[in-house]
Amino acid sequence: MTEHPLPSGDLSLPQPLHAPRSRADLFWSFTWLALQGFGGVLAVVQRELVERKRWMTRGQFVEDWAVAQIMPGPNVVNLSMMIGGRYFGLPGALAALAGMLAFPLLAVLALAVLYGNVAEYPVAQNALRGMGAVAAGLITATGIKLIAALDKNAMGMGVCIGLAALTFVAIALLRWPLLWVLLGIGGMACLWAYRKLPNGPADKAPRP
Amino acid sequence: MSMVPTAANWLELFAHFASLSLLGVGGAITTAPDMHRYLVHNNGWLSDAQFTSSIALSQAAPGPNVLFVALLGWNVGLNAGGGPSAGWLAWALAFLGVLVTMVAIMLPSSVLTYTATRWAHRNRELRGVRAFKTGMAPIVIALLIATGWLLTGSHDHPARDWPLWLLTAVATLFVWRTRVHLLWLIGAGAVLGALGWV
């Protein structure tokens, strides 16, 4: 196992991005991601696609995640389809979708056959409790890491932090329904971003 | 429960899950309460324990959370066929259940997402599309952190649950500041849990 300390600012250095080589590469990459994802695949997807495979920058990841999150359906599956579709069209999207679901589906069915009444085993319950606590940490850390991607946001870091704080309070503390928050705070944010963005084409590197 | 599902039942199940597919903003798990009402309460196709076990088992398994839907379908099929001891018919119906529920929950949302995101990608230079991604970025980042908070806060007895909170905090620090493989962390959580330490 290799452990490197992660120097801050590591990912802001301009480094060349890679791309999936083929539909098979997409399928197996997403299969491997999904099979590592206990209690949520997002942390693994961010780690692998941004930090290891370098298919996208943190900023691009956040943009894609915003769309994947806002569409109905499983967020990480949406994200995988978007990435697959971008490189290889519909076959790419289907390859990524199949990768996300095929082997994990077999795994969960195998578990169901072997341990269908898992809820009755205290040891399994306790193990799940511990895994759940770690999974909560993974998702929190992924969010914290992605804050760094906001420094290129056209609304400015101050406004971004304010919007993020409002959203956190609304969801985590006030327990407002997700849809209201997305429409209310999200709608306001989009309008503000619209005012702040120049009317020309974006001055960033074209995406594949 | 020994009911033999008709083709109409399966179609109804398909239609119900297909309609939930388009409501599942934030993931299929957000529609789990409605699935519970429909499968357990209204139709009696699943027992309460089977519903709970399906969700618990999908959390123990790797992969997207939506796979709990496959387990619901699996158990509906098994029940319909008379239970796991009833032989091949029960297993065949279990696979049919997986097929019906998974295709229903995935197809509508995937078609919509693919179509919408291809459009957005072709028009990625449009000011409106850029404004959407720019505006939503801080919101969805906050949603991730809020999700972590809610998962932790669901264990709300400080005297009993503080080791769990500590574990979450340590895991957060490790993922944030190091490149230790995520599977090691999950494995450590499972061991600590099984030993009864958290």
# chains A, B, ... in the order shown; residues from 1 in each chain; ligands from 1
$ residues_around --residues "Leu195 (chain B)" --least-positions-apart "2" --cutoff "8 Å" --atoms "only C-alpha atoms" --output "ChimeraX atom specification"
/A:123,126-127 /B:191-193,197
$ write_last_selection --atoms "N, CA and C atoms" --output "mmCIF file, in the first residue's frame"
data_model
loop_
_atom_site.group_PDB
_atom_site.id
_atom_site.type_symbol
_atom_site.label_atom_id
_atom_site.label_comp_id
_atom_site.auth_asym_id
_atom_site.auth_seq_id
_atom_site.Cartn_x
_atom_site.Cartn_y
_atom_site.Cartn_z
ATOM 1 N N VAL A 123 -23.599 -9.081 15.196
ATOM 2 C CA VAL A 123 -22.238 -8.750 14.783
ATOM 3 C C VAL A 123 -22.254 -8.006 13.447
ATOM 4 N N ASN A 126 -23.387 -4.531 13.969
ATOM 5 C CA ASN A 126 -22.358 -3.661 14.537
ATOM 6 C C ASN A 126 -21.308 -3.297 13.508
ATOM 7 N N ALA A 127 -20.937 -4.283 12.671
ATOM 8 C CA ALA A 127 -19.962 -3.988 11.617
ATOM 9 C C ALA A 127 -20.518 -2.920 10.681
ATOM 10 N N VAL B 191 -14.334 -3.631 11.320
ATOM 11 C CA VAL B 191 -13.712 -4.378 12.422
ATOM 12 C C VAL B 191 -14.038 -3.731 13.762
ATOM 13 N N LEU B 192 -13.866 -2.412 13.827
ATOM 14 C CA LEU B 192 -14.172 -1.704 15.080
ATOM 15 C C LEU B 192 -15.627 -1.926 15.479
ATOM 16 N N GLY B 193 -16.520 -1.912 14.470
ATOM 17 C CA GLY B 193 -17.935 -2.138 14.756
ATOM 18 C C GLY B 193 -18.202 -3.543 15.251
ATOM 19 N N TRP B 197 -16.598 -1.788 19.517
ATOM 20 C CA TRP B 197 -15.892 -0.633 20.062
ATOM 21 C C TRP B 197 -16.530 0.698 19.687
#
$ residues_around --residues "Thr113 (chain B)" --least-positions-apart "3" --cutoff "7 Å" --atoms "only C-alpha atoms" --output "list of chain:residue names"
A:Met71, A:Asn78, B:Ser109, B:Ser110, B:Ala116, B:Thr117
$ write_last_selection --atoms "C-alpha atoms" --output "PDB file, in the first residue's frame"
ATOM      1  CA  MET A  71     -31.148  15.062 -12.171  1.00  0.00           C
ATOM      2  CA  ASN A  78     -25.809   9.701 -13.526  1.00  0.00           C
TER       3      ASN A  78
ATOM      4  CA  SER B 109     -34.214   8.707 -14.952  1.00  0.00           C
ATOM      5  CA  SER B 110     -31.339   7.488 -17.128  1.00  0.00           C
ATOM      6  CA  ALA B 116     -30.489  16.475 -20.734  1.00  0.00           C
ATOM      7  CA  THR B 117     -26.761  16.191 -20.106  1.00  0.00           C
TER       8      THR B 117
END
$ residues_around --residues "Gly97 (chain B)" --least-positions-apart "5" --cutoff "7 Å" --atoms "only C-alpha atoms" --output "PyMOL selection string"
chain B and resi 73-74+76-77
$ write_last_selection --atoms "C-alpha atoms" --output "mmCIF file, in the first residue's frame"
data_model
loop_
_atom_site.group_PDB
_atom_site.id
_atom_site.type_symbol
_atom_site.label_atom_id
_atom_site.label_comp_id
_atom_site.auth_asym_id
_atom_site.auth_seq_id
_atom_site.Cartn_x
_atom_site.Cartn_y
_atom_site.Cartn_z
ATOM 1 C CA GLY B 73 -37.482 -6.899 -6.254
ATOM 2 C CA TRP B 74 -35.588 -10.075 -5.365
ATOM 3 C CA VAL B 76 -40.899 -9.731 -3.847
ATOM 4 C CA GLY B 77 -40.150 -12.454 -6.402
#
$ closest_residue --among "A:Thr167, A:Ser22, A:Ser80, A:Gln46" --to "chain B" --atoms "only C-alpha atoms"
A:Thr167
$ residues_around --residues "region 47-61 of chain B" --least-positions-apart "4" --cutoff "6 Å" --atoms "only C-alpha atoms" --output "mmCIF file with N, CA and C atoms, in the first residue's frame"
data_model
loop_
_atom_site.group_PDB
_atom_site.id
_atom_site.type_symbol
_atom_site.label_atom_id
_atom_site.label_comp_id
_atom_site.auth_asym_id
_atom_site.auth_seq_id
_atom_site.Cartn_x
_atom_site.Cartn_y
_atom_site.Cartn_z
ATOM 1 N N GLY A 39 -21.063 2.004 1.233
ATOM 2 C CA GLY A 39 -21.705 3.142 1.878
ATOM 3 C C GLY A 39 -21.649 4.398 1.035
ATOM 4 N N VAL A 108 -24.426 -8.054 -4.584
ATOM 5 C CA VAL A 108 -25.474 -7.853 -3.588
ATOM 6 C C VAL A 108 -26.465 -9.022 -3.609
ATOM 7 N N ALA A 119 -30.222 -8.574 9.021
ATOM 8 C CA ALA A 119 -30.667 -7.684 10.087
ATOM 9 C C ALA A 119 -30.786 -8.418 11.417
ATOM 10 N N VAL B 40 -44.963 -2.908 1.344
ATOM 11 C CA VAL B 40 -45.236 -3.560 2.631
ATOM 12 C C VAL B 40 -46.653 -3.274 3.089
ATOM 13 N N PHE B 68 -30.358 -1.341 -3.458
ATOM 14 C CA PHE B 68 -31.359 -1.822 -2.508
ATOM 15 C C PHE B 68 -32.671 -2.114 -3.228
ATOM 16 N N LEU B 71 -32.764 -5.622 -4.402
ATOM 17 C CA LEU B 71 -33.060 -6.567 -3.326
ATOM 18 C C LEU B 71 -34.546 -6.575 -2.987
#
$ atom_distance --atom1 "CA of Gly24 (chain B)" --atom2 "CA of Pro72 (chain A)"
4.9 Å
$ residues_around --residues "Cys190 (chain A)" --least-positions-apart "6" --cutoff "6 Å" --atoms "only C-alpha atoms" --output "list in words"
Ala131, Phe132 and Gly135 of chain B
$ closest_residue --among "A:Pro177, A:Met131, A:Ala170, A:Thr31" --to "chain B" --atoms "only C-alpha atoms"
A:Met131
$ select_by_dssp --residues "chain B" --states "helix (DSSP H, G or I)" --output "NGL selection string"
:B and (7-21 or 28-42 or 48-60 or 65-80 or 84-86 or 88-122 or 127-153 or 158-177 or 182-194)
$ write_last_selection --atoms "C-alpha atoms" --output "compact mmCIF listing (two decimals), in the first residue's frame"
# COMPACT_ATOMS: atom_id res chain seq x y z
CA ALA B 7 -48.95 -10.26 -15.04
CA ALA B 8 -51.00 -7.23 -14.07
CA ASN B 9 -49.29 -7.15 -10.66
CA TRP B 10 -45.84 -7.13 -12.25
CA LEU B 11 -46.89 -4.38 -14.66
CA GLU B 12 -48.28 -2.37 -11.78
CA LEU B 13 -45.02 -2.82 -9.86
CA PHE B 14 -43.08 -1.71 -12.92
CA ALA B 15 -45.25 1.35 -13.43
CA HIS B 16 -45.01 2.35 -9.79
CA PHE B 17 -41.22 2.14 -9.65
CA ALA B 18 -40.91 3.86 -13.03
CA SER B 19 -42.87 6.82 -11.69
CA LEU B 20 -40.68 6.91 -8.56
CA SER B 21 -37.62 6.94 -10.84
CA ALA B 28 -33.52 6.42 -5.17
CA ILE B 29 -33.14 6.15 -1.40
CA THR B 30 -35.17 9.36 -1.04
CA THR B 31 -38.18 7.45 -2.38
CA ALA B 32 -37.68 4.51 0.00
CA PRO B 33 -40.52 5.62 2.31
CA ASP B 34 -42.95 5.47 -0.60
CA MET B 35 -41.62 2.05 -1.62
CA HIS B 36 -42.21 0.85 1.93
CA ARG B 37 -45.77 2.13 1.88
CA TYR B 38 -46.44 0.53 -1.50
CA LEU B 39 -44.73 -2.85 -1.07
CA VAL B 40 -45.24 -3.56 2.63
CA HIS B 41 -48.26 -1.60 3.71
CA ASN B 42 -50.55 -1.41 0.68
CA ASP B 48 -41.34 -5.22 7.20
CA ALA B 49 -38.25 -7.25 8.20
CA GLN B 50 -37.47 -8.04 4.56
CA PHE B 51 -37.66 -4.37 3.66
CA THR B 52 -35.29 -3.39 6.47
CA SER B 53 -32.91 -6.25 5.65
CA SER B 54 -32.84 -5.26 1.98
CA ILE B 55 -31.67 -1.78 2.86
CA ALA B 56 -29.15 -3.03 5.44
CA LEU B 57 -27.73 -5.61 3.05
CA SER B 58 -27.31 -3.11 0.21
CA GLN B 59 -25.34 -0.91 2.61
CA ALA B 60 -23.05 -3.81 3.46
CA ASN B 65 -27.06 2.65 -3.05
CA VAL B 66 -29.76 2.14 -5.67
CA LEU B 67 -29.07 -1.60 -5.52
CA PHE B 68 -31.36 -1.82 -2.51
CA VAL B 69 -34.13 -1.63 -5.12
CA ALA B 70 -32.84 -4.85 -6.70
CA LEU B 71 -33.06 -6.57 -3.33
CA LEU B 72 -36.64 -5.39 -2.87
CA GLY B 73 -37.48 -6.90 -6.25
CA TRP B 74 -35.59 -10.07 -5.36
CA ASN B 75 -37.59 -10.55 -2.18
CA VAL B 76 -40.90 -9.73 -3.85
CA GLY B 77 -40.15 -12.45 -6.40
CA LEU B 78 -39.03 -14.97 -3.78
CA ASN B 79 -42.19 -14.37 -1.76
CA ALA B 80 -44.31 -14.66 -4.87
CA PRO B 84 -36.40 -19.79 -1.08
CA SER B 85 -37.29 -23.41 -0.26
CA ALA B 86 -39.92 -23.58 -2.97
CA TRP B 88 -36.65 -23.08 -9.12
CA LEU B 89 -39.90 -21.19 -9.65
CA ALA B 90 -39.16 -18.97 -6.65
CA TRP B 91 -35.64 -18.25 -7.91
CA ALA B 92 -36.93 -17.50 -11.40
CA LEU B 93 -39.50 -15.10 -9.98
CA ALA B 94 -36.79 -13.51 -7.81
CA PHE B 95 -34.77 -12.74 -10.94
CA LEU B 96 -37.91 -11.42 -12.61
CA GLY B 97 -38.42 -9.19 -9.58
CA VAL B 98 -34.88 -7.81 -9.88
CA LEU B 99 -35.37 -7.18 -13.59
CA VAL B 100 -38.73 -5.44 -13.16
CA THR B 101 -37.73 -3.17 -10.27
CA MET B 102 -34.25 -2.28 -11.53
CA VAL B 103 -35.29 -1.53 -15.12
CA ALA B 104 -38.22 0.50 -13.81
CA ILE B 105 -36.15 2.55 -11.37
CA MET B 106 -33.24 3.11 -13.80
CA LEU B 107 -34.79 3.55 -17.24
CA PRO B 108 -36.81 6.79 -16.97
CA SER B 109 -34.21 8.71 -14.95
CA SER B 110 -31.34 7.49 -17.13
CA VAL B 111 -33.05 8.45 -20.38
CA LEU B 112 -33.85 11.89 -18.97
CA THR B 113 -30.36 12.39 -17.54
CA TYR B 114 -28.60 11.24 -20.70
CA THR B 115 -30.72 13.41 -22.96
CA ALA B 116 -30.49 16.48 -20.73
CA THR B 117 -26.76 16.19 -20.11
CA ARG B 118 -25.93 15.63 -23.77
CA TRP B 119 -27.90 18.77 -24.54
CA ALA B 120 -26.10 20.66 -21.80
CA HIS B 121 -22.74 19.43 -23.05
CA ARG B 122 -23.44 20.50 -26.64
CA ARG B 127 -24.48 31.56 -20.50
CA GLY B 128 -27.47 29.82 -18.94
CA VAL B 129 -25.74 26.43 -18.84
CA ARG B 130 -22.59 27.94 -17.35
CA ALA B 131 -24.66 29.88 -14.83
CA PHE B 132 -26.36 26.67 -13.74
CA LYS B 133 -23.08 24.84 -13.12
CA THR B 134 -21.46 27.87 -11.50
CA GLY B 135 -24.42 28.56 -9.25
CA MET B 136 -25.05 24.97 -8.21
CA ALA B 137 -21.40 24.16 -7.41
CA PRO B 138 -21.36 25.55 -3.83
CA ILE B 139 -24.83 24.10 -3.20
CA VAL B 140 -23.93 20.53 -4.10
CA ILE B 141 -20.66 20.71 -2.17
CA ALA B 142 -22.61 21.80 0.90
CA LEU B 143 -25.04 18.93 0.29
CA LEU B 144 -22.18 16.43 0.58
CA ILE B 145 -21.06 17.85 3.90
CA ALA B 146 -24.68 18.01 5.09
CA THR B 147 -25.13 14.35 4.15
CA GLY B 148 -22.14 13.41 6.30
CA TRP B 149 -23.59 15.48 9.13
CA LEU B 150 -27.03 13.85 8.85
CA LEU B 151 -25.56 10.34 8.73
CA THR B 152 -23.60 11.08 11.89
CA GLY B 153 -26.50 12.88 13.57
CA PRO B 158 -23.81 11.45 22.88
CA ALA B 159 -23.03 9.20 25.85
CA ARG B 160 -23.39 6.06 23.72
CA ASP B 161 -22.51 7.32 20.25
CA TRP B 162 -19.41 9.44 20.82
CA PRO B 163 -17.01 6.70 19.62
CA LEU B 164 -19.00 6.58 16.39
CA TRP B 165 -18.67 10.35 15.98
CA LEU B 166 -14.95 10.13 16.71
CA LEU B 167 -14.59 7.43 14.05
CA THR B 168 -16.37 9.64 11.51
CA ALA B 169 -14.11 12.58 12.38
CA VAL B 170 -10.96 10.47 12.08
CA ALA B 171 -12.12 9.01 8.76
CA THR B 172 -12.83 12.54 7.50
CA LEU B 173 -9.30 13.66 8.42
CA PHE B 174 -7.70 10.61 6.79
CA VAL B 175 -9.57 11.05 3.51
CA TRP B 176 -8.98 14.77 3.47
CA ARG B 177 -5.30 14.86 4.35
CA LEU B 182 -10.51 4.09 1.19
CA LEU B 183 -11.05 0.34 1.52
CA TRP B 184 -8.69 0.24 4.51
CA LEU B 185 -10.82 2.83 6.25
CA ILE B 186 -14.07 0.99 5.53
CA GLY B 187 -12.48 -2.25 6.68
CA ALA B 188 -11.27 -0.61 9.89
CA GLY B 189 -14.80 0.67 10.50
CA ALA B 190 -16.24 -2.83 10.01
CA VAL B 191 -13.71 -4.38 12.42
CA LEU B 192 -14.17 -1.70 15.08
CA GLY B 193 -17.94 -2.14 14.76
CA ALA B 194 -17.87 -5.92 14.90
$ closest_residue --among "A:Leu173, A:Ala34, A:Leu42, A:Ala110" --to "chain B" --atoms "only C-alpha atoms"
A:Ala34
